[in-house]
Structures are given as C-alpha cells and as structure tokens.
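Chemist: So I've got this file, protein.csv, and it contains CSV, C-alpha atoms:
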```csv
chain,number,residue,atom,x,y,z
A,1,MET,CA,20.3,-8.8,-12.1
A,2,HIS,CA,20.6,-5.8,-14.5
A,3,SER,CA,17.2,-4.2,-14.0
A,4,ALA,CA,16.4,-2.1,-10.9
A,5,ALA,CA,14.6,-4.1,-8.2
A,6,TYR,CA,12.7,-2.5,-5.3
A,7,LEU,CA,11.5,-4.6,-2.4
A,8,PHE,CA,9.2,-3.4,0.4
A,9,ALA,CA,7.5,-6.0,2.7
A,10,ASP,CA,5.8,-8.5,0.4
A,11,ASP,CA,5.9,-6.1,-2.6
A,12,THR,CA,8.5,-6.4,-5.4
A,13,LYS,CA,9.0,-4.1,-8.4
A,14,LEU,CA,11.3,-4.6,-11.3
A,15,PHE,CA,12.2,-1.6,-13.5
A,16,ALA,CA,14.0,-1.3,-16.8
A,17,ARG,CA,14.0,1.1,-19.8
A,18,VAL,CA,12.2,-0.5,-22.6
A,19,PRO,CA,12.7,-1.3,-25.6
A,20,GLU,CA,16.5,-1.0,-25.0
A,21,ALA,CA,16.4,-3.4,-22.1
A,22,ALA,CA,13.3,-5.5,-22.8
A,23,GLN,CA,15.2,-8.8,-23.2
A,24,THR,CA,17.2,-8.0,-20.0
A,25,LEU,CA,13.9,-7.3,-18.1
A,26,HIS,CA,12.6,-10.7,-19.3
A,27,GLU,CA,15.8,-12.4,-18.1
A,28,ASP,CA,15.7,-10.6,-14.7
A,29,LEU,CA,12.1,-11.5,-14.2
A,30,ASP,CA,13.1,-15.2,-14.7
A,31,ARG,CA,16.0,-14.8,-12.3
A,32,LEU,CA,13.8,-13.1,-9.7
A,33,GLN,CA,11.4,-16.0,-10.0
A,34,LEU,CA,14.2,-18.6,-9.6
A,35,TRP,CA,15.4,-16.7,-6.5
A,36,SER,CA,11.9,-16.7,-5.0
A,37,ASP,CA,11.5,-20.4,-5.7
A,38,MET,CA,14.8,-21.2,-4.1
A,39,TRP,CA,13.9,-19.3,-0.9
A,40,GLN,CA,10.3,-20.7,-1.0
A,41,LEU,CA,8.8,-17.2,-1.3
A,42,ARG,CA,7.0,-17.9,-4.5
A,43,PHE,CA,5.3,-15.1,-6.4
A,44,ASN,CA,1.7,-15.5,-7.3
A,45,ALA,CA,1.9,-14.9,-11.1
A,46,ALA,CA,-1.9,-14.2,-11.2
A,47,LYS,CA,-1.2,-11.1,-9.0
A,48,CYS,CA,1.8,-9.9,-10.9
A,49,LYS,CA,1.2,-7.1,-13.3
A,50,VAL,CA,3.1,-5.0,-15.9
A,51,MET,CA,2.8,-1.3,-16.3
A,52,HIS,CA,4.4,0.5,-19.2
A,53,ILE,CA,5.2,4.0,-18.0
A,54,GLY,CA,5.4,6.8,-20.6
A,55,LYS,CA,4.2,7.3,-24.2
A,56,ASN,CA,6.4,4.6,-25.8
A,57,GLU,CA,4.1,2.4,-27.9
A,58,VAL,CA,6.3,-0.6,-27.8
A,59,HIS,CA,4.8,-3.1,-25.3
A,60,SER,CA,6.4,-6.4,-24.5
A,61,ASP,CA,4.6,-9.5,-23.3
A,62,TYR,CA,6.1,-10.7,-20.0
A,63,LYS,CA,5.5,-14.2,-18.7
A,64,MET,CA,6.0,-16.1,-15.4
A,65,ASP,CA,5.8,-19.7,-14.4
A,66,SER,CA,2.6,-20.6,-12.4
A,67,LYS,CA,2.1,-24.2,-11.3
A,68,GLY,CA,4.0,-25.6,-14.2
A,69,ASN,CA,2.5,-23.3,-16.8
A,70,ARG,CA,3.9,-20.2,-18.4
A,71,ILE,CA,1.3,-17.4,-18.2
A,72,SER,CA,1.3,-13.8,-19.5
A,73,LEU,CA,1.3,-11.1,-17.0
A,74,GLU,CA,-1.6,-8.6,-17.0
A,75,ASN,CA,-0.9,-5.2,-18.6
A,76,ILE,CA,-2.4,-2.4,-16.5
A,77,LYS,CA,-2.7,1.4,-16.7
A,78,LEU,CA,-3.5,2.1,-13.0
A,79,GLU,CA,-2.1,0.5,-9.9
A,80,LYS,CA,-2.5,1.4,-6.2
A,81,ASP,CA,0.9,1.4,-4.5
A,82,LEU,CA,1.2,2.2,-0.8
A,83,GLY,CA,-2.2,4.0,-0.9
A,84,VAL,CA,-1.4,6.2,-4.0
A,85,ASP,CA,-3.0,5.4,-7.4
A,86,VAL,CA,-0.3,5.5,-10.0
A,87,ASP,CA,-1.2,5.7,-13.7
A,88,ASP,CA,1.0,4.9,-16.7
A,89,GLU,CA,1.6,8.6,-17.4
A,90,LEU,CA,2.5,9.5,-13.8
A,91,LYS,CA,-0.2,12.3,-13.8
A,92,PHE,CA,-2.1,11.2,-10.7
A,93,LYS,CA,-5.4,12.7,-12.0
A,94,LYS,CA,-7.3,9.5,-11.1
A,95,HIS,CA,-5.7,9.4,-7.6
A,96,ILE,CA,-6.9,13.0,-6.9
A,97,LEU,CA,-10.4,12.2,-8.2
A,98,ILE,CA,-10.6,9.2,-5.9
A,99,GLN,CA,-9.4,11.1,-2.9
A,100,VAL,CA,-11.7,14.0,-3.5
A,101,GLU,CA,-14.7,11.6,-3.8
A,102,LYS,CA,-13.6,9.9,-0.6
A,103,ALA,CA,-13.4,13.3,1.2
A,104,ASN,CA,-16.8,14.3,-0.1
A,105,LYS,CA,-18.3,11.0,1.2
A,106,LEU,CA,-16.7,11.6,4.6
A,107,LEU,CA,-18.0,15.1,4.7
A,108,GLY,CA,-21.5,13.8,4.0
A,109,LEU,CA,-21.1,11.3,6.7
A,110,LEU,CA,-20.1,14.0,9.2
A,111,ARG,CA,-23.1,16.2,8.2
A,112,ARG,CA,-25.5,13.3,8.7
A,113,GLY,CA,-23.8,12.1,11.9
A,114,PHE,CA,-23.9,15.5,13.7
A,115,THR,CA,-27.1,17.5,14.0
A,116,MET,CA,-25.3,20.7,15.0
A,117,LEU,CA,-21.8,21.7,14.1
A,118,ASP,CA,-20.3,25.1,14.7
A,119,SER,CA,-17.4,26.2,12.5
A,120,TYR,CA,-14.8,25.3,15.1
A,121,SER,CA,-16.1,21.7,15.5
A,122,MET,CA,-16.4,21.3,11.7
A,123,SER,CA,-12.9,22.6,11.2
A,124,THR,CA,-11.5,20.2,13.9
A,125,LEU,CA,-13.3,17.2,12.4
A,126,TYR,CA,-12.2,18.2,8.9
A,127,LYS,CA,-8.5,18.4,10.0
A,128,ALA,CA,-8.8,15.1,11.9
A,129,ILE,CA,-10.8,13.0,9.5
A,130,ILE,CA,-11.0,14.4,6.0
A,131,ARG,CA,-7.8,16.3,5.3
A,132,PRO,CA,-5.5,13.3,6.0
A,133,HIS,CA,-7.1,11.5,3.0
A,134,LEU,CA,-6.5,14.5,0.8
A,135,GLU,CA,-2.9,15.0,1.9
A,136,TYR,CA,-1.7,11.3,2.2
A,137,GLY,CA,1.4,10.8,0.0
A,138,ASN,CA,1.2,14.3,-1.5
A,139,VAL,CA,5.0,14.3,-1.7
A,140,VAL,CA,4.6,11.8,-4.5
A,141,TRP,CA,1.4,13.0,-6.3
A,142,HIS,CA,1.4,16.8,-5.5
A,143,PRO,CA,-0.8,18.4,-8.1
A,144,ARG,CA,1.2,19.7,-11.1
A,145,HIS,CA,-1.8,20.7,-13.2
A,146,THR,CA,-4.2,23.6,-12.5
A,147,GLY,CA,-7.3,21.4,-12.8
A,148,ASP,CA,-6.1,18.9,-10.2
A,149,GLU,CA,-5.3,21.7,-7.8
A,150,GLU,CA,-8.7,23.3,-8.4
A,151,GLN,CA,-10.4,20.0,-7.6
A,152,LEU,CA,-8.6,19.8,-4.2
A,153,VAL,CA,-9.3,23.5,-3.4
A,154,SER,CA,-13.0,23.1,-4.3
A,155,SER,CA,-13.2,20.1,-1.9
A,156,GLU,CA,-11.9,22.3,0.9
A,157,GLU,CA,-14.2,25.2,0.0
A,158,ASN,CA,-17.1,22.7,0.2
A,159,VAL,CA,-16.3,22.1,3.9
A,160,GLN,CA,-16.2,25.8,4.6
A,161,THR,CA,-19.6,26.5,3.1
A,162,HIS,CA,-21.2,23.7,5.1
A,163,SER,CA,-19.8,24.6,8.5
```
Would you kindly transcribe this structure into structure tokens?
Modeler:
Amino acid sequence: MHSAAYLFADDTKLFARVPEAAQTLHEDLDRLQLWSDMWQLRFNAAKCKVMHIGKNEVHSDYKMDSKGNRISLENIKLEKDLGVDVDDELKFKKHILIQVEKANKLLGLLRRGFTMLDSYSMSTLYKAIIRPHLEYGNVVWHPRHTGDEEQLVSSEENVQTHS
C-alpha cells in the first residue's frame, strides 16, 4: 500500500496527493477492498465517499466493487468525522455554524425548562450542558477566522444576557 491509510474502529480513511498519485490511490483502494474481502470485513461501497481536499480542480472518479458491480463512489464536500464537520477546504465554518445553532437550541430549552434561573445556576447549566458542544474537538477546528470566532463569542454573550 502506497497511500496513507488510517483505521479507527469501523472507520477507514485512505489519503494520497492527487493528481500525482491518483493511479496509486485507485490501486490502493482495490488492495484495501481485497484485504477486507479476505478478512470478511467487507466495505459497504454505498457508504464509502470521496472528498477532494484543497483547491485542485482535478477530480478523479473512484470505484469499488459492490455485490458483483463496480460502482462510483460519491463525491462530497462535507463529512462528519468523530463529531467534527470537515469540509473540503478545511475551514470548519459549517461546523461552527452547526455547533452554535445546537448551543442556541439548548439555551432555549433551558430557558423554557426552568421558570427561574439566577446567574449562578445559568452559568452552571451553561458550563455543564452547552459549552461542551461548543468546545468539542476544538483542537482540530479552533477558529482561525475572525467571523468564526465572533460567532462563538456572540453565542456565549447570548447566555450572559439571558441569565
């Protein structure tokens, strides 16, 4: 195998620099599928996807065997991986948007669920229920752009004004 392969539980990722190694990636994908068939841990080709990371406009069509047929793998621009939404430009703007929306929904749920909250109780509930959603995986997606950071800060300010 010439491409980088990462395995975690039932998740497998195959990486290569394209277009230089496009043919190698095709071959390694076939090798990976032969290995999985040999060990009877078959991949579900319908669930396998391809993400082209970066601005390179050269996109290759990757195929896998599925029940005797050779099918093309779906090209995607966004994928959730271990709870973090990764896009094809590694900007994480969509991930931050999703997490802020989730935090705002949880905040609304807290406000509706409790008739009276003092600032201490609200702060405690925020730290226990809402903040973990905003901070999960931040080592990977930590905001690099001012707009993303402002979105997270405004979410936290929203809690402070309603406590």
Chemist: Which one of A:Glu20, A:Asp11, A:Glu79, A:Asp65 sits closest to Leu34 of chain A if you count only C-alpha atoms?
Modeler: A:Asp65
Chemist: Show me the residues close to (16.9, -8.8, -18.7) - anything with an atom within 12 Å, counting all atoms listed in the file - and format the list as a count of residues only.
Modeler: 25
Chemist: Provide the atom CA of Ser66 of chain A to atom CA of Met51 of chain A distance in Å, to one decimal place.
Modeler: 19.7 Å
Chemist: Got a sec: who's within 12 Å of Lys91 of chain A, counting all atoms listed in the file, leaving out chain neighbours fewer than 3 positions off, as a list of chain:residue names?
Modeler: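 Selected residues are A:Ile53, A:Gly54, A:Lys77, A:Leu78, A:Val84, A:Asp85, A:Val86, A:Asp87, A:Asp88, A:Lys94, A:His95, A:Ile96, A:Leu97, A:Val140, A:Trp141, A:His142, A:Pro143, A:Arg144, A:His145, A:Gly147, A:Asp148.
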Chemist: In Å, rounded to a single decimal, give me how far atom CA of Ile98 of chain A is from atom CA of Thr146 of chain A.
Modeler: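 We find that atom CA of Thr146 of chain A and atom CA of Ile98 of chain A lie 17.1 Å from each other.
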Chemist: With all atoms listed in the file counted, which protein, DNA or RNA residues have an atom no more than 12 Å from (-21.6, 18.8, 6.3) in the file frame? Please answer as number ranges by chain.
Modeler: A: 103-119, 121-123, 125-126, 130, 155-163
Chemist: Can you measure atom CA of Ile76 of chain A to atom CA of Ala46 of chain A for me? One decimal in Å is fine.
Modeler: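 Between these atoms lies a distance of 12.9 Å.
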Chemist: Please supply segment 26-37 of chain A, rebuilt with all heavy atoms, as an mmCIF file, in the coordinates of the input.
Modeler:
```
data_model
loop_
_atom_site.group_PDB
_atom_site.id
_atom_site.type_symbol
_atom_site.label_atom_id
_atom_site.label_comp_id
_atom_site.auth_asym_id
_atom_site.auth_seq_id
_atom_site.Cartn_x
_atom_site.Cartn_y
_atom_site.Cartn_z
ATOM 1 N N HIS A 26 13.118 -9.359 -19.252
ATOM 2 C CA HIS A 26 12.600 -10.700 -19.300
ATOM 3 C C HIS A 26 13.498 -11.678 -18.507
ATOM 4 O O HIS A 26 13.027 -12.492 -17.710
ATOM 5 C CB HIS A 26 12.490 -11.231 -20.747
ATOM 6 C CG HIS A 26 11.335 -10.702 -21.509
ATOM 7 N ND1 HIS A 26 10.058 -11.168 -21.331
ATOM 8 C CD2 HIS A 26 11.263 -9.752 -22.464
ATOM 9 C CE1 HIS A 26 9.248 -10.520 -22.148
ATOM 10 N NE2 HIS A 26 9.956 -9.653 -22.842
ATOM 11 N N GLU A 27 14.787 -11.564 -18.752
ATOM 12 C CA GLU A 27 15.800 -12.400 -18.100
ATOM 13 C C GLU A 27 15.768 -12.187 -16.569
ATOM 14 O O GLU A 27 15.824 -13.135 -15.774
ATOM 15 C CB GLU A 27 17.147 -12.229 -18.676
ATOM 16 C CG GLU A 27 17.263 -12.711 -20.115
ATOM 17 C CD GLU A 27 18.508 -12.197 -20.814
ATOM 18 O OE1 GLU A 27 19.335 -11.496 -20.169
ATOM 19 O OE2 GLU A 27 18.652 -12.486 -22.024
ATOM 20 N N ASP A 28 15.732 -10.915 -16.169
ATOM 21 C CA ASP A 28 15.700 -10.600 -14.700
ATOM 22 C C ASP A 28 14.453 -11.060 -14.058
ATOM 23 O O ASP A 28 14.484 -11.470 -12.895
ATOM 24 C CB ASP A 28 15.915 -9.082 -14.539
ATOM 25 C CG ASP A 28 17.336 -8.631 -14.824
ATOM 26 O OD1 ASP A 28 18.233 -9.513 -14.890
ATOM 27 O OD2 ASP A 28 17.552 -7.424 -14.977
ATOM 28 N N LEU A 29 13.341 -11.018 -14.761
ATOM 29 C CA LEU A 29 12.100 -11.500 -14.200
ATOM 30 C C LEU A 29 12.213 -13.039 -13.956
ATOM 31 O O LEU A 29 11.798 -13.537 -12.909
ATOM 32 C CB LEU A 29 10.939 -11.240 -15.174
ATOM 33 C CG LEU A 29 9.533 -11.564 -14.705
ATOM 34 C CD1 LEU A 29 9.189 -10.819 -13.430
ATOM 35 C CD2 LEU A 29 8.527 -11.218 -15.792
ATOM 36 N N ASP A 30 12.828 -13.751 -14.881
ATOM 37 C CA ASP A 30 13.100 -15.200 -14.700
ATOM 38 C C ASP A 30 14.013 -15.439 -13.524
ATOM 39 O O ASP A 30 13.793 -16.344 -12.712
ATOM 40 C CB ASP A 30 13.600 -15.826 -15.967
ATOM 41 C CG ASP A 30 12.554 -15.908 -17.068
ATOM 42 O OD1 ASP A 30 11.344 -15.893 -16.741
ATOM 43 O OD2 ASP A 30 12.942 -15.982 -18.251
ATOM 44 N N ARG A 31 15.082 -14.630 -13.422
ATOM 45 C CA ARG A 31 16.000 -14.800 -12.300
ATOM 46 C C ARG A 31 15.345 -14.509 -10.970
ATOM 47 O O ARG A 31 15.588 -15.205 -9.996
ATOM 48 C CB ARG A 31 17.192 -13.790 -12.475
ATOM 49 C CG ARG A 31 18.240 -14.237 -13.437
ATOM 50 C CD ARG A 31 19.477 -13.323 -13.339
ATOM 51 N NE ARG A 31 20.220 -13.420 -14.560
ATOM 52 C CZ ARG A 31 20.185 -12.540 -15.560
ATOM 53 N NH1 ARG A 31 19.470 -11.452 -15.469
ATOM 54 N NH2 ARG A 31 20.890 -12.731 -16.645
ATOM 55 N N LEU A 32 14.511 -13.483 -10.932
ATOM 56 C CA LEU A 32 13.800 -13.100 -9.700
ATOM 57 C C LEU A 32 12.866 -14.290 -9.301
ATOM 58 O O LEU A 32 12.770 -14.629 -8.123
ATOM 59 C CB LEU A 32 12.986 -11.857 -9.929
ATOM 60 C CG LEU A 32 12.368 -11.214 -8.707
ATOM 61 C CD1 LEU A 32 13.436 -10.792 -7.710
ATOM 62 C CD2 LEU A 32 11.535 -10.013 -9.124
ATOM 63 N N GLN A 33 12.244 -14.905 -10.271
ATOM 64 C CA GLN A 33 11.400 -16.000 -10.000
ATOM 65 C C GLN A 33 12.169 -17.240 -9.476
ATOM 66 O O GLN A 33 11.751 -17.918 -8.533
ATOM 67 C CB GLN A 33 10.511 -16.399 -11.168
ATOM 68 C CG GLN A 33 9.426 -17.369 -10.790
ATOM 69 C CD GLN A 33 8.349 -17.490 -11.833
ATOM 70 O OE1 GLN A 33 8.537 -17.128 -12.986
ATOM 71 N NE2 GLN A 33 7.212 -18.013 -11.421
ATOM 72 N N LEU A 34 13.322 -17.505 -10.064
ATOM 73 C CA LEU A 34 14.200 -18.600 -9.600
ATOM 74 C C LEU A 34 14.632 -18.341 -8.146
ATOM 75 O O LEU A 34 14.634 -19.244 -7.310
ATOM 76 C CB LEU A 34 15.396 -18.756 -10.496
ATOM 77 C CG LEU A 34 15.140 -19.384 -11.856
ATOM 78 C CD1 LEU A 34 16.399 -19.314 -12.719
ATOM 79 C CD2 LEU A 34 14.684 -20.830 -11.697
ATOM 80 N N TRP A 35 15.017 -17.086 -7.860
ATOM 81 C CA TRP A 35 15.400 -16.700 -6.500
ATOM 82 C C TRP A 35 14.270 -16.951 -5.531
ATOM 83 O O TRP A 35 14.469 -17.504 -4.446
ATOM 84 C CB TRP A 35 15.862 -15.254 -6.499
ATOM 85 C CG TRP A 35 16.138 -14.718 -5.131
ATOM 86 C CD1 TRP A 35 17.313 -14.802 -4.438
ATOM 87 C CD2 TRP A 35 15.216 -14.036 -4.282
ATOM 88 N NE1 TRP A 35 17.177 -14.201 -3.214
ATOM 89 C CE2 TRP A 35 15.890 -13.721 -3.084
ATOM 90 C CE3 TRP A 35 13.888 -13.646 -4.406
ATOM 91 C CZ2 TRP A 35 15.294 -13.046 -2.036
ATOM 92 C CZ3 TRP A 35 13.278 -12.976 -3.361
ATOM 93 C CH2 TRP A 35 13.987 -12.684 -2.190
ATOM 94 N N SER A 36 13.061 -16.514 -5.901
ATOM 95 C CA SER A 36 11.900 -16.700 -5.000
ATOM 96 C C SER A 36 11.570 -18.144 -4.785
ATOM 97 O O SER A 36 11.182 -18.539 -3.688
ATOM 98 C CB SER A 36 10.703 -15.903 -5.515
ATOM 99 O OG SER A 36 10.145 -16.536 -6.635
ATOM 100 N N ASP A 37 11.720 -18.962 -5.808
ATOM 101 C CA ASP A 37 11.500 -20.400 -5.700
ATOM 102 C C ASP A 37 12.512 -21.037 -4.739
ATOM 103 O O ASP A 37 12.173 -21.877 -3.896
ATOM 104 C CB ASP A 37 11.491 -21.095 -7.023
ATOM 105 C CG ASP A 37 10.286 -20.748 -7.875
ATOM 106 O OD1 ASP A 37 9.279 -20.246 -7.326
ATOM 107 O OD2 ASP A 37 10.347 -20.962 -9.100
#
```
